[in-house]
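Listing of my_file.cif; format and content: mmCIF, C-alpha atoms.
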```cif
data_upload
#
loop_
_atom_site.label_atom_id
_atom_site.label_comp_id
_atom_site.auth_asym_id
_atom_site.auth_seq_id
_atom_site.Cartn_x
_atom_site.Cartn_y
_atom_site.Cartn_z
CA ASN N 1488 -1.90 -9.65 15.52
CA GLY N 1489 -5.21 -11.51 15.89
CA ALA N 1490 -7.38 -9.70 18.41
CA THR N 1491 -4.54 -7.39 19.55
CA VAL N 1492 -4.59 -3.90 18.02
CA PHE N 1493 -2.34 -0.89 18.66
CA ALA N 1494 -3.04 2.80 18.12
CA ILE N 1495 -1.18 6.06 18.72
CA GLY N 1496 -3.22 8.90 20.18
CA SER N 1497 -1.84 12.26 21.36
CA GLY N 1498 1.61 10.70 21.44
CA HIS N 1499 0.55 7.83 23.71
CA LEU N 1500 0.49 4.17 22.68
CA PHE N 1501 -2.70 2.23 23.39
CA ARG N 1502 -3.44 -1.48 23.08
CA SER N 1503 -6.67 -3.40 22.62
CA VAL N 1504 -6.83 -7.18 23.09
CA ASP N 1505 -10.46 -7.47 21.96
CA ASN N 1506 -10.36 -6.09 18.41
CA GLY N 1507 -10.81 -2.48 19.52
CA LEU N 1508 -13.73 -2.82 21.91
CA SER N 1509 -11.65 -1.51 24.83
CA TRP N 1510 -8.26 0.20 25.07
CA ASP N 1511 -5.51 0.56 27.66
CA SER N 1512 -2.34 2.64 27.66
CA VAL N 1513 0.88 0.60 27.57
CA GLY N 1514 2.77 3.38 29.37
CA LEU N 1515 4.75 4.82 26.44
CA SER N 1516 4.52 8.54 25.65
CA ASN N 1517 5.56 10.87 22.83
CA VAL N 1518 5.33 7.94 20.40
CA VAL N 1519 6.02 8.91 16.77
CA SER N 1520 6.29 5.51 15.07
CA LEU N 1521 5.09 1.93 15.51
CA SER N 1522 5.76 -1.33 13.66
CA ALA N 1523 4.72 -4.93 14.29
CA ARG N 1524 5.47 -8.36 12.86
CA GLY N 1525 4.15 -11.44 14.62
CA HIS N 1526 4.55 -10.93 18.36
CA SER N 1527 7.41 -8.42 17.89
CA ILE N 1528 6.51 -4.74 18.38
CA LEU N 1529 8.79 -1.74 17.85
CA ALA N 1530 7.79 1.72 19.03
CA ALA N 1531 9.71 4.96 19.23
CA SER N 1532 9.63 8.52 20.44
CA SER N 1533 12.03 10.99 18.85
CA CYS N 1534 14.60 9.98 21.50
CA GLU N 1535 13.86 6.41 22.56
CA VAL N 1536 13.29 3.02 20.89
CA TYR N 1537 11.21 0.34 22.63
CA PHE N 1538 10.81 -3.36 21.84
CA SER N 1539 8.19 -5.84 23.02
CA ALA N 1540 8.33 -9.58 22.32
CA ASP N 1541 4.94 -10.27 23.94
CA GLU N 1542 2.53 -8.00 22.05
CA GLY N 1543 3.09 -4.99 24.29
CA THR N 1544 2.81 -6.57 27.73
CA THR N 1545 6.45 -5.77 28.61
CA TRP N 1546 8.92 -3.42 26.93
CA ASP N 1547 12.71 -3.21 26.63
CA VAL N 1548 14.32 0.20 26.05
CA LEU N 1549 16.71 -0.55 23.18
CA SER N 1550 18.03 3.02 23.10
CA ALA N 1551 19.40 2.57 26.64
CA LYS N 1552 21.93 0.17 25.14
CA HIS N 1553 22.39 2.04 21.85
CA PRO N 1554 21.65 5.80 22.02
CA PHE N 1555 21.40 6.25 18.20
CA GLY N 1556 23.50 9.38 18.11
CA LYS N 1557 23.59 12.69 19.92
CA PHE N 1558 20.25 14.23 18.92
CA CYS N 1559 16.61 13.22 19.34
CA SER N 1560 15.46 12.94 15.73
CA ILE N 1561 14.03 9.43 15.31
CA ASN N 1562 11.21 9.54 12.77
CA LEU N 1563 10.49 5.88 11.99
CA VAL N 1564 10.99 2.32 13.23
CA ALA N 1565 10.17 -0.85 11.31
CA VAL N 1566 10.31 -4.62 11.71
CA ILE N 1567 11.58 -5.97 8.38
CA GLY N 1568 11.63 -9.74 8.40
CA SER N 1569 14.02 -10.70 11.19
CA ARG N 1570 15.66 -7.26 11.25
CA PHE N 1571 14.86 -4.04 13.09
CA LEU N 1572 15.20 -0.62 11.48
CA VAL N 1573 15.56 2.81 13.08
CA SER N 1574 15.56 5.98 10.96
CA LYS N 1575 16.76 9.42 12.11
CA LEU N 1576 16.18 12.80 10.46
CA PRO N 1577 19.09 15.15 9.72
CA VAL N 1578 19.90 17.77 12.36
CA VAL N 1579 21.63 21.16 12.21
CA ASP N 1580 23.47 22.01 15.44
CA SER N 1581 24.26 25.69 15.86
CA THR N 1582 26.20 26.89 18.90
CA GLY N 1583 26.99 30.29 17.38
CA PRO N 1584 26.94 32.22 14.09
CA TYR N 1585 30.22 30.66 12.97
CA ASN N 1586 29.82 27.20 14.44
CA VAL N 1587 27.17 25.23 12.55
CA ILE N 1588 27.41 21.46 12.23
CA HIS N 1589 25.19 19.43 9.91
CA TYR N 1590 24.44 15.87 11.03
CA PRO N 1591 23.01 13.69 8.22
CA GLY N 1592 20.01 11.47 8.64
CA THR N 1593 20.84 7.84 9.32
CA ILE N 1594 19.34 4.37 9.01
CA TYR N 1595 20.34 1.77 11.59
CA LEU N 1596 19.74 -1.97 11.22
CA SER N 1597 19.86 -4.76 13.79
CA SER N 1598 19.79 -8.50 13.07
CA ASP N 1599 19.77 -9.65 16.70
CA ASN N 1600 16.61 -8.11 18.19
CA GLY N 1601 18.29 -4.80 18.94
CA VAL N 1602 21.37 -6.04 20.79
CA THR N 1603 23.77 -4.57 18.21
CA TRP N 1604 23.19 -2.02 15.45
CA ASP N 1605 24.92 -0.95 12.24
CA SER N 1606 24.64 2.39 10.47
CA VAL N 1607 23.77 1.37 6.90
CA TYR N 1608 22.59 4.53 5.08
CA ASN N 1609 23.19 8.26 5.49
CA LYS N 1610 19.64 9.43 4.79
CA PRO N 1611 16.37 8.76 6.62
CA VAL N 1612 13.38 6.83 5.31
CA TYR N 1613 9.76 7.94 5.62
CA ALA N 1614 8.08 4.57 5.00
CA THR N 1615 8.98 0.93 4.32
CA ALA N 1616 7.34 -1.95 2.46
CA VAL N 1617 8.20 -5.62 2.04
CA ILE N 1618 7.32 -7.90 -0.88
CA GLY N 1619 8.58 -11.45 -0.41
CA GLU N 1620 12.34 -11.19 0.08
CA LYS N 1621 12.51 -7.57 -1.16
CA SER N 1622 12.46 -4.59 1.21
CA PHE N 1623 11.85 -1.02 0.02
CA GLY N 1624 12.30 2.38 1.64
CA ALA N 1625 10.87 5.82 0.80
CA SER N 1626 13.55 8.52 0.92
CA SER N 1627 14.36 12.06 -0.21
CA VAL N 1628 16.49 10.64 -3.03
CA GLY N 1629 13.79 8.27 -4.28
CA LEU N 1630 13.22 4.57 -3.82
CA ILE N 1631 15.86 2.55 -2.01
CA THR N 1632 16.12 -1.22 -1.52
CA LEU N 1633 17.70 -3.30 1.21
CA THR N 1634 20.58 -5.53 0.11
CA ASP N 1635 23.04 -7.70 2.03
CA SER N 1636 25.42 -4.72 2.13
CA GLY N 1637 22.84 -2.14 3.20
CA TRP N 1638 20.38 0.21 1.52
CA ARG N 1639 20.97 1.12 -2.12
CA ALA N 1640 19.15 3.31 -4.66
CA ALA N 1641 16.68 1.32 -6.73
CA ASN N 1642 17.76 1.48 -10.37
CA SER N 1643 14.21 0.78 -11.47
CA TRP N 1644 12.81 4.03 -10.02
CA PRO N 1645 11.92 6.40 -12.90
CA SER N 1646 13.77 9.45 -11.54
CA ASN N 1647 15.31 11.01 -8.45
CA LEU N 1648 11.99 11.97 -6.85
CA THR N 1649 11.34 12.28 -3.14
CA ILE N 1650 9.00 9.52 -1.93
CA THR N 1651 6.82 10.26 1.08
CA ASN N 1652 4.81 7.05 1.39
CA LEU N 1653 4.70 3.41 0.31
CA ALA N 1654 1.76 1.02 0.39
CA LEU N 1655 0.95 -2.54 -0.62
CA ILE N 1656 -2.49 -3.03 -2.15
CA GLY N 1657 -2.96 -6.64 -3.12
CA PRO N 1658 0.07 -7.69 -5.20
CA ASP N 1659 0.93 -4.10 -6.19
CA LEU N 1660 3.40 -1.69 -4.58
CA TYR N 1661 2.48 2.01 -4.70
CA ALA N 1662 4.87 4.91 -4.13
CA VAL N 1663 3.87 8.53 -3.56
CA ALA N 1664 6.28 10.93 -5.30
CA TYR N 1665 6.26 14.33 -3.59
CA GLY N 1666 4.34 16.90 -5.65
CA ILE N 1667 4.13 14.59 -8.69
CA GLY N 1668 1.79 11.64 -8.29
CA ILE N 1669 1.40 7.99 -7.47
CA TYR N 1670 3.51 5.28 -9.12
CA ARG N 1671 2.58 1.60 -9.25
CA SER N 1672 4.69 -1.54 -9.63
CA SER N 1673 3.15 -4.97 -10.26
CA ASP N 1674 6.46 -6.88 -10.46
CA SER N 1675 8.06 -6.30 -7.06
CA GLY N 1676 9.63 -2.98 -8.02
CA LYS N 1677 11.24 -3.98 -11.34
CA THR N 1678 9.15 -1.55 -13.41
CA TRP N 1679 7.01 1.47 -12.46
CA PHE N 1680 4.09 3.27 -14.06
CA ALA N 1681 2.55 6.63 -13.18
CA THR N 1682 -1.09 6.22 -12.19
CA GLU N 1683 -2.56 9.67 -11.62
CA SER N 1684 -1.33 13.12 -10.65
CA ILE N 1685 -1.78 14.24 -7.06
CA SER N 1686 -0.03 17.58 -7.42
CA THR N 1687 -2.85 19.27 -5.53
CA LEU N 1688 -1.95 17.09 -2.55
CA LYS N 1689 1.79 17.77 -2.99
CA GLY N 1690 2.44 14.08 -2.41
CA ARG N 1691 1.36 14.31 1.23
CA ASP N 1692 -1.75 13.28 3.18
CA VAL N 1693 -2.20 10.14 1.12
CA HIS N 1694 -3.11 6.97 2.99
CA THR N 1695 -4.62 3.57 2.35
CA ALA N 1696 -7.76 2.21 3.88
CA ASN N 1697 -9.39 -1.07 2.89
CA SER N 1698 -7.03 -1.30 -0.09
CA LYS N 1699 -8.13 2.08 -1.49
CA TRP N 1700 -6.36 5.42 -1.73
CA SER N 1701 -7.76 8.38 0.16
#
```

Could you quickly redo this structure as C-alpha cells?
Amino acid sequence: NGATVFAIGSGHLFRSVDNGLSWDSVGLSNVVSLSARGHSILAASSCEVYFSADEGTTWDVLSAKHPFGKFCSINLVAVIGSRFLVSKLPVVDSTGPYNVIHYPGTIYLSSDNGVTWDSVYNKPVYATAVIGEKSFGASSVGLITLTDSGWRAANSWPSNLTITNLALIGPDLYAVAYGIGIYRSSDSGKTWFATESISTLKGRDVHTANSKWS
C-alpha cells in the first residue's frame, strides 16, 4: 500500500512505512497468514484473526467475537474484494483409543468487515487469487471458485489434483498441482494448459518474484 510494507518474521508481524528502510513490530505474534487490500489488513495466528482498517496502526481481534470453532487450526486469511476469508485445517481430536472425532477443514466468509461470518465450504484453502470479478481458491480437491452461494469446484480444472499455490503473473493465472506441475490459464480460469513438470519439487516450494517462477 504505497510506502507501507508488511513482513512476517519468526512469527511476528513487522511494518515499514518507508518502503522497507526501517521496520517496527505491530505487536502481533505467532502470525501464520497476512492479506491486504487498500487500507484493510487481515492477519492471523493459528488461533486468532486480526483486522486493521488503518494500515496496521490499530487492530481489532475478530476472533474475540467469532471464535472460528473449537480448535486452533487457522492456516490462511484473505481479503477478497469486500469480503474477508478465514480458512481452517482439519483436526483429529482423540480423547482415548475408542473416542476419535474428525473435524473437517472449513472456510468462513464475512461481508461486513468481520462482524458476522458464514461457513461456506468444508475444506480449507491454501492460497487465493482474484481476476476481475472471479475469485479462486487452491484446495486438496483442486481448484474452487467463489460464487454467490459459496465455494464450488471449478469445472474447468483438468482433474481432481491438489493445488498448493496460485499466482497471477500479468494477465495469466498459474496453479501449482501437487507432485505434477504448473498449469496456466489465460482466460480467467475457463481453460488450463500444463506448462512444465515440477515433480522434483513435489508441487511445493514454488513462489513468484518479479513475475517469474522460482

Query - Computed interatomic separation between atom CA of N:Ile1656 and atom CA of N:Ala1565 (Å) - result: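 Atom CA of N:Ala1565 lies at a distance of 18.6 Å from atom CA of N:Ile1656.
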
Report task. Check which residues satisfy the PyMOL selection byres ((chain N and resi 1649-1654) around 9) in the file shown, then give them as a PyMOL selection string. Result -> chain N and resi 1612-1616+1623-1630+1647-1648+1655-1656+1659-1666+1690-1691+1693-1695

Tell me which protein, DNA and RNA residues are within 10 Å of N:Ile1567, counting all atoms listed in the file, leaving out same-chain ones fewer than 4 positions away, and put them as a compact mmCIF listing (two decimals) with C-alpha atoms, in the coordinates of the input.
```txt
# COMPACT_ATOMS: atom_id res chain seq x y z
CA SER N 1522 5.76 -1.33 13.66
CA ALA N 1523 4.72 -4.93 14.29
CA ARG N 1524 5.47 -8.36 12.86
CA PHE N 1571 14.86 -4.04 13.09
CA LEU N 1572 15.20 -0.62 11.48
CA LEU N 1596 19.74 -1.97 11.22
CA SER N 1597 19.86 -4.76 13.79
CA SER N 1598 19.79 -8.50 13.07
CA THR N 1615 8.98 0.93 4.32
CA ALA N 1616 7.34 -1.95 2.46
CA VAL N 1617 8.20 -5.62 2.04
CA GLU N 1620 12.34 -11.19 0.08
CA LYS N 1621 12.51 -7.57 -1.16
CA SER N 1622 12.46 -4.59 1.21
CA PHE N 1623 11.85 -1.02 0.02
CA LEU N 1633 17.70 -3.30 1.21
```

Requested in this report: Please indicate the distance in Å from atom CA of N:Thr1544 to atom CA of N:Ile1594, rounded to one decimal place.
Outcome: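 Between atom CA of N:Thr1544 and atom CA of N:Ile1594 the gap works out to 27.3 Å.
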
Query raised in the report: Which neighbours of N:Asp1511 fall inside 10 Å, counting all atoms listed in the file, when residues of the same chain fewer than 2 positions from it are skipped, and could you give them as a PyMOL selection string?
Result: chain N and resi 1493+1500-1504+1509+1513-1514

Requested in this report: Using all atoms listed in the file, determine which residues lie at most 12 Å from N:Asp1599, disregarding the query and same-chain residues fewer than 3 positions distant; provide the list as an MDAnalysis selection string.
Outcome: chainID N and resid 1549 1566 1568:1572 1596 1602:1605

Leaving out N:Ser1539 and any residue of its chain fewer than 3 positions from it, which residues lie within 6 Å of it when counting all atoms listed in the file, given as a short mmCIF file (atom, residue, chain, number, x, y, z; two decimals) with C-alpha atoms, in the frame of the given file?
```cif
data_model
loop_
_atom_site.label_atom_id
_atom_site.label_comp_id
_atom_site.auth_asym_id
_atom_site.auth_seq_id
_atom_site.Cartn_x
_atom_site.Cartn_y
_atom_site.Cartn_z
CA SER N 1527 7.41 -8.42 17.89
CA ILE N 1528 6.51 -4.74 18.38
CA GLY N 1543 3.09 -4.99 24.29
CA THR N 1545 6.45 -5.77 28.61
CA TRP N 1546 8.92 -3.42 26.93
#
```

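Across the structure, atom CA of N:Lys1575 and atom CA of N:Leu1563 are spaced 7.2 Å apart.
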
Query - Residue contacts of N:Ala1681 (9 Å, all atoms listed in the file) excluding same-chain residues fewer than 4 positions away, as a PyMOL selection string - result: chain N and resi 1668-1671

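In this comparison, which uses all atoms listed in the file, the residue of N:Ser1581, N:Asn1506, N:Ser1533, N:Asn1517 approaching N:Asn1562 most closely is N:Ser1533.
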
What are the centre and the three edge lengths of an axis-aligned box that wraps all atoms of stretch 1531-1549 of chain N in the file, given that 8 Å is added to every side, written as JSON and rounded to one decimal in Å?
```
{"center_x": 9.6, "center_y": 0.4, "center_z": 23.7, "size_x": 30.2, "size_y": 37.3, "size_z": 25.8}
```

Requested in this report: Could you check which of N:Thr1634, N:Ser1672, N:Thr1491, N:Ser1560 is closest to N:Gly1525, using all atoms listed in the file?
Outcome: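 Of N:Thr1634, N:Ser1672, N:Thr1491, N:Ser1560, the one nearest N:Gly1525, counting all atoms listed in the file, is N:Thr1491.
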
Query raised in the report: Out of N:Asn1609, N:Lys1552, N:Asp1674, N:Trp1679, which residue has the shortest atom-to-atom distance to N:Ser1643 when counting all atoms listed in the file?
Result: N:Trp1679

Query raised in the report: Which residue, N:His1589, N:Lys1677, N:His1553, N:Lys1610, has the smallest gap to N:Asn1642 when you use all atoms listed in the file?
Result: N:Lys1677
